[in-house]
>>> print(open('model03.txt').read())   # compact mmCIF, C-alpha atoms
# COMPACT_ATOMS: atom_id res chain seq x y z
CA MET O 1 -50.19 25.19 -6.34
CA GLY O 2 -48.54 21.92 -7.30
CA TYR O 3 -45.44 21.10 -9.29
CA THR O 4 -45.23 19.67 -12.78
CA ALA O 5 -43.24 16.48 -13.26
CA ALA O 6 -40.41 18.49 -14.85
CA GLU O 7 -40.33 20.96 -11.94
CA LEU O 8 -40.22 18.12 -9.43
CA LYS O 9 -37.28 16.50 -11.23
CA GLU O 10 -35.37 19.76 -10.82
CA LYS O 11 -36.32 20.32 -7.17
CA ILE O 12 -36.17 16.85 -5.59
CA THR O 13 -32.96 16.01 -3.75
CA LEU O 14 -31.81 12.39 -3.86
CA GLY O 15 -30.68 10.98 -0.53
CA ARG O 16 -27.76 9.16 -2.14
CA ASP O 17 -26.06 12.55 -2.67
CA SER O 18 -26.13 13.34 1.08
CA ILE O 19 -22.92 13.57 3.08
CA PHE O 20 -22.47 13.32 6.85
CA ARG O 21 -19.06 14.11 8.27
CA VAL O 22 -17.45 14.53 11.66
CA ALA O 23 -14.40 16.25 13.15
CA PRO O 24 -12.82 16.75 16.56
CA LEU O 25 -13.51 20.17 18.03
CA GLY O 26 -10.72 22.72 17.89
CA VAL O 27 -8.94 24.44 20.75
CA ASN O 28 -11.34 25.59 23.51
CA GLY O 29 -14.26 23.91 21.71
CA ALA O 30 -13.95 25.95 18.52
CA MET O 31 -15.61 24.59 15.40
CA PRO O 32 -13.03 22.82 13.23
CA ALA O 33 -11.70 23.92 9.86
CA ALA O 34 -13.34 22.36 6.78
CA ALA O 35 -10.30 20.15 6.12
CA ALA O 36 -10.66 18.46 9.54
CA TYR O 37 -14.00 16.83 8.67
CA LYS O 38 -14.03 13.15 7.67
CA GLU O 39 -16.98 11.58 5.85
CA LEU O 40 -18.94 8.73 7.45
CA CYS O 41 -19.98 5.93 5.11
CA LEU O 42 -23.45 5.28 6.47
CA ALA O 43 -25.28 2.14 5.41
CA SER O 44 -28.72 3.59 4.87
CA GLU O 45 -29.78 6.86 6.48
CA VAL O 46 -29.12 9.94 8.56
CA THR O 47 -31.55 12.28 10.33
CA VAL O 48 -30.59 15.72 11.65
CA GLY O 49 -33.02 18.12 13.28
CA PHE O 50 -34.33 19.56 16.53
CA GLU O 51 -37.31 19.66 18.82
CA ASN O 52 -38.48 22.83 20.53
CA ARG O 53 -38.96 22.34 24.26
CA THR O 54 -41.59 24.06 26.38
CA ILE O 55 -42.78 24.01 29.94
CA SER O 56 -46.46 24.28 30.65
CA PHE O 57 -48.45 25.41 33.65
CA GLN O 58 -51.92 26.42 34.64
CA ASN O 59 -53.20 28.60 37.47
CA PHE O 60 -56.19 30.63 38.61
CA CYS O 61 -55.10 33.70 36.61
CA THR O 62 -55.37 31.70 33.38
CA GLY O 63 -58.75 30.33 34.40
CA GLY O 64 -57.22 26.88 34.55
CA ASP O 65 -56.06 27.08 30.94
CA GLU O 66 -52.65 25.61 30.19
CA ILE O 67 -49.92 28.05 29.14
CA GLU O 68 -46.78 26.91 27.31
CA ILE O 69 -43.51 28.81 27.49
CA PRO O 70 -40.61 28.00 25.12
CA VAL O 71 -37.42 27.05 26.98
CA GLY O 72 -35.02 26.10 24.20
CA SER O 73 -34.34 23.33 21.74
CA THR O 74 -32.90 19.85 21.81
CA GLY O 75 -30.89 18.73 18.80
CA SER O 76 -31.42 15.38 17.18
CA VAL O 77 -28.93 13.30 15.21
CA ASP O 78 -29.67 9.70 14.24
CA LEU O 79 -27.31 7.58 12.15
CA SER O 80 -27.82 4.19 10.55
CA GLU O 81 -25.31 1.44 11.10
CA MET O 82 -21.97 1.68 9.33
CA GLN O 83 -19.54 -0.86 7.94
CA TRP O 84 -16.64 -1.10 10.37
CA ILE O 85 -13.27 -0.36 8.80
CA GLU O 86 -10.51 -0.39 11.39
CA ASP O 87 -8.54 2.62 10.15
CA ASP O 88 -11.46 4.70 8.82
CA GLU O 89 -10.75 8.25 10.05
CA ALA O 90 -14.39 9.19 10.67
CA LEU O 91 -15.03 6.02 12.69
CA VAL O 92 -11.88 6.66 14.72
CA ILE O 93 -13.14 10.18 15.52
CA MET O 94 -16.52 8.76 16.60
CA GLU O 95 -15.07 5.94 18.74
CA THR O 96 -12.53 8.27 20.37
CA ALA O 97 -15.33 10.71 21.25
CA ALA O 98 -17.31 7.86 22.83
CA ARG O 99 -14.31 6.59 24.81
CA ASP O 100 -13.11 10.01 25.98
CA LEU O 101 -16.62 11.43 26.58
CA THR O 102 -15.78 14.47 24.43
CA PRO O 103 -18.15 16.21 22.01
CA ILE O 104 -17.36 16.36 18.30
CA ALA O 105 -18.54 18.53 15.42
CA PHE O 106 -20.74 17.33 12.59
CA GLU O 107 -21.80 18.61 9.20
CA TYR O 108 -24.76 17.24 7.27
CA LEU O 109 -24.98 18.12 3.59
CA PRO O 110 -28.39 16.85 2.34
CA ALA O 111 -27.68 17.80 -1.29
CA GLY O 112 -23.99 16.84 -1.29
CA ALA O 113 -20.93 19.06 -1.42
CA GLY O 114 -20.66 22.19 -3.55
CA THR O 115 -20.60 25.95 -3.27
CA GLY O 116 -23.97 27.37 -2.23
CA LYS O 117 -25.43 24.02 -1.11
CA THR O 118 -27.16 23.69 2.27
CA VAL O 119 -25.22 22.49 5.30
CA TYR O 120 -26.41 21.78 8.83
CA ARG O 121 -23.65 22.10 11.46
CA GLY O 122 -23.59 21.27 15.12
CA ILE O 123 -21.98 19.51 18.02
CA MET O 124 -22.86 16.02 19.20
CA ASP O 125 -21.94 13.55 21.92
CA VAL O 126 -21.37 9.90 21.03
CA LYS O 127 -23.02 8.10 23.95
CA SER O 128 -22.65 4.50 22.75
CA TRP O 129 -20.30 2.53 20.54
CA LYS O 130 -20.97 -1.08 19.53
CA VAL O 131 -19.15 -3.14 16.92
CA LYS O 132 -21.12 -6.18 15.72
CA SER O 133 -20.06 -9.28 13.78
CA ALA O 134 -22.48 -11.54 11.94
CA SER O 135 -21.37 -14.99 10.81
CA ASP O 136 -22.84 -14.40 7.34
CA GLY O 137 -22.19 -10.66 6.95
CA THR O 138 -19.82 -7.79 7.43
CA VAL O 139 -18.58 -6.29 10.68
CA THR O 140 -20.65 -3.20 11.43
CA VAL O 141 -20.93 -0.39 13.93
CA GLU O 142 -24.47 -0.42 15.29
CA SER O 143 -26.38 2.85 15.15
CA PRO O 144 -24.67 4.84 17.93
CA THR O 145 -26.66 6.69 20.55
CA LEU O 146 -26.05 10.40 20.00
CA GLY O 147 -26.90 13.60 21.83
CA ALA O 148 -26.91 17.07 20.33
CA PRO O 149 -27.47 20.21 22.40
CA GLY O 150 -29.53 22.92 20.72
CA LYS O 151 -30.54 23.42 17.10
CA PRO O 152 -28.11 22.62 14.33
CA GLU O 153 -26.99 25.75 12.52
CA LYS O 154 -28.24 25.97 8.93
CA GLY O 155 -25.98 27.60 6.37
CA THR O 156 -24.52 27.27 2.90
CA LEU O 157 -21.18 25.96 1.78
CA VAL O 158 -18.67 28.48 0.54
>>> encode(input="model03.txt", output="structure tokens")
Amino acid sequence: MGYTAAELKEKITLGRDSIFRVAPLGVNGAMPAAAAYKELCLASEVTVGFENRTISFQNFCTGGDEIEIPVGSTGSVDLSEMQWIEDDEALVIMETAARDLTPIAFEYLPAGAGTGKTVYRGIMDVKSWKVKSASDGTVTVESPTLGAPGKPEKGTLV
């Protein structure tokens, strides 16, 4: 069954409404309070997800057939470049995490903020930090290399 044009207009989520925010972890690695999160002003896109990992083997008992066993998930967070603003709180959190080699929390709100809207939460490592200047453009932070253990938690905003 397909959607009518009117139904699609009601169901489609525009990317421009999306929010990605970061916060330092709390004491003993606890997830931070909502007020601790600072919004990143991304230039073009964000991707949050996961990939299920498996190991595979074959032996005589399987008749040489390959068997796959699930062994967990690897999180995935990819961010576009960002305009560099020296005192931007979210950028400071990201750069500090990269310098100190400490994980930080993230929240991705694909439909924007609001009670009952979807949120993906998780922890990520900032593995690279590069500030770039172009003679005919703005100063930017290149897309940082990020690592995220496990699946992001999916929930709703309260």
>>> closest_residue(input="model03.txt", among="O:Ile85, O:Pro103, O:Thr145, O:Ser76", to="Asn28 in chain O", atoms="all atoms listed in the file")
O:Pro103
>>> residues_around(input="model03.txt", residues="Ala43 in chain O", least_positions_apart="5", cutoff="10 Å", atoms="all atoms listed in the file", output="ChimeraX atom specification")
/O:79-83,140-141,143
>>> closest_residue(input="model03.txt", among="O:Gly72, O:Pro24, O:Gly155, O:Gly147", to="Arg121 in chain O", atoms="only C-alpha atoms")
O:Gly155
>>> residues_around(input="model03.txt", residues="Ala30 in chain O", least_positions_apart="5", cutoff="12 Å", atoms="all atoms listed in the file", output="list in words")
Ala23, Pro24, Leu25, Pro103, Ile104, Ala105, Gly122 and Ile123 of chain O
>>> atom_distance(input="model03.txt", atom1="CA of Gly112 in chain O", atom2="CA of Asp17 in chain O")
5.0 Å
>>> residues_near_point(input="model03.txt", point="(-17.3, 12.0, 24.4)", cutoff="10 Å", atoms="only C-alpha atoms", output="PyMOL selection string")
chain O and resi 93-104+124-128+146
>>> write_last_selection(input="model03.txt", atoms="C-alpha atoms", output="mmCIF file, keeping the file's coordinate frame")
data_model
loop_
_atom_site.group_PDB
_atom_site.id
_atom_site.type_symbol
_atom_site.label_atom_id
_atom_site.label_comp_id
_atom_site.auth_asym_id
_atom_site.auth_seq_id
_atom_site.Cartn_x
_atom_site.Cartn_y
_atom_site.Cartn_z
ATOM 1 C CA ILE O 93 -13.140 10.180 15.520
ATOM 2 C CA MET O 94 -16.520 8.760 16.600
ATOM 3 C CA GLU O 95 -15.070 5.940 18.740
ATOM 4 C CA THR O 96 -12.530 8.270 20.370
ATOM 5 C CA ALA O 97 -15.330 10.710 21.250
ATOM 6 C CA ALA O 98 -17.310 7.860 22.830
ATOM 7 C CA ARG O 99 -14.310 6.590 24.810
ATOM 8 C CA ASP O 100 -13.110 10.010 25.980
ATOM 9 C CA LEU O 101 -16.620 11.430 26.580
ATOM 10 C CA THR O 102 -15.780 14.470 24.430
ATOM 11 C CA PRO O 103 -18.150 16.210 22.010
ATOM 12 C CA ILE O 104 -17.360 16.360 18.300
ATOM 13 C CA MET O 124 -22.860 16.020 19.200
ATOM 14 C CA ASP O 125 -21.940 13.550 21.920
ATOM 15 C CA VAL O 126 -21.370 9.900 21.030
ATOM 16 C CA LYS O 127 -23.020 8.100 23.950
ATOM 17 C CA SER O 128 -22.650 4.500 22.750
ATOM 18 C CA LEU O 146 -26.050 10.400 20.000
#
>>> residues_near_point(input="model03.txt", point="(-30.8, 30.4, 13.6)", cutoff="12 Å", atoms="all atoms listed in the file", output="PyMOL selection string")
chain O and resi 50+73+120-122+150-155
>>> closest_residue(input="model03.txt", among="O:Leu42, O:Ala34, O:Ile69, O:Ala148", to="Phe20 in chain O", atoms="all atoms listed in the file")
O:Leu42
>>> residues_around(input="model03.txt", residues="range 10-16 of chain O", least_positions_apart="6", cutoff="12 Å", atoms="only C-alpha atoms", output="list in words")
Tyr3, Thr4, Cys41, Leu42, Ala43, Ser44, Glu45, Val46, Thr47, Tyr108, Leu109, Pro110, Ala111, Gly112, Lys117 and Thr118 of chain O
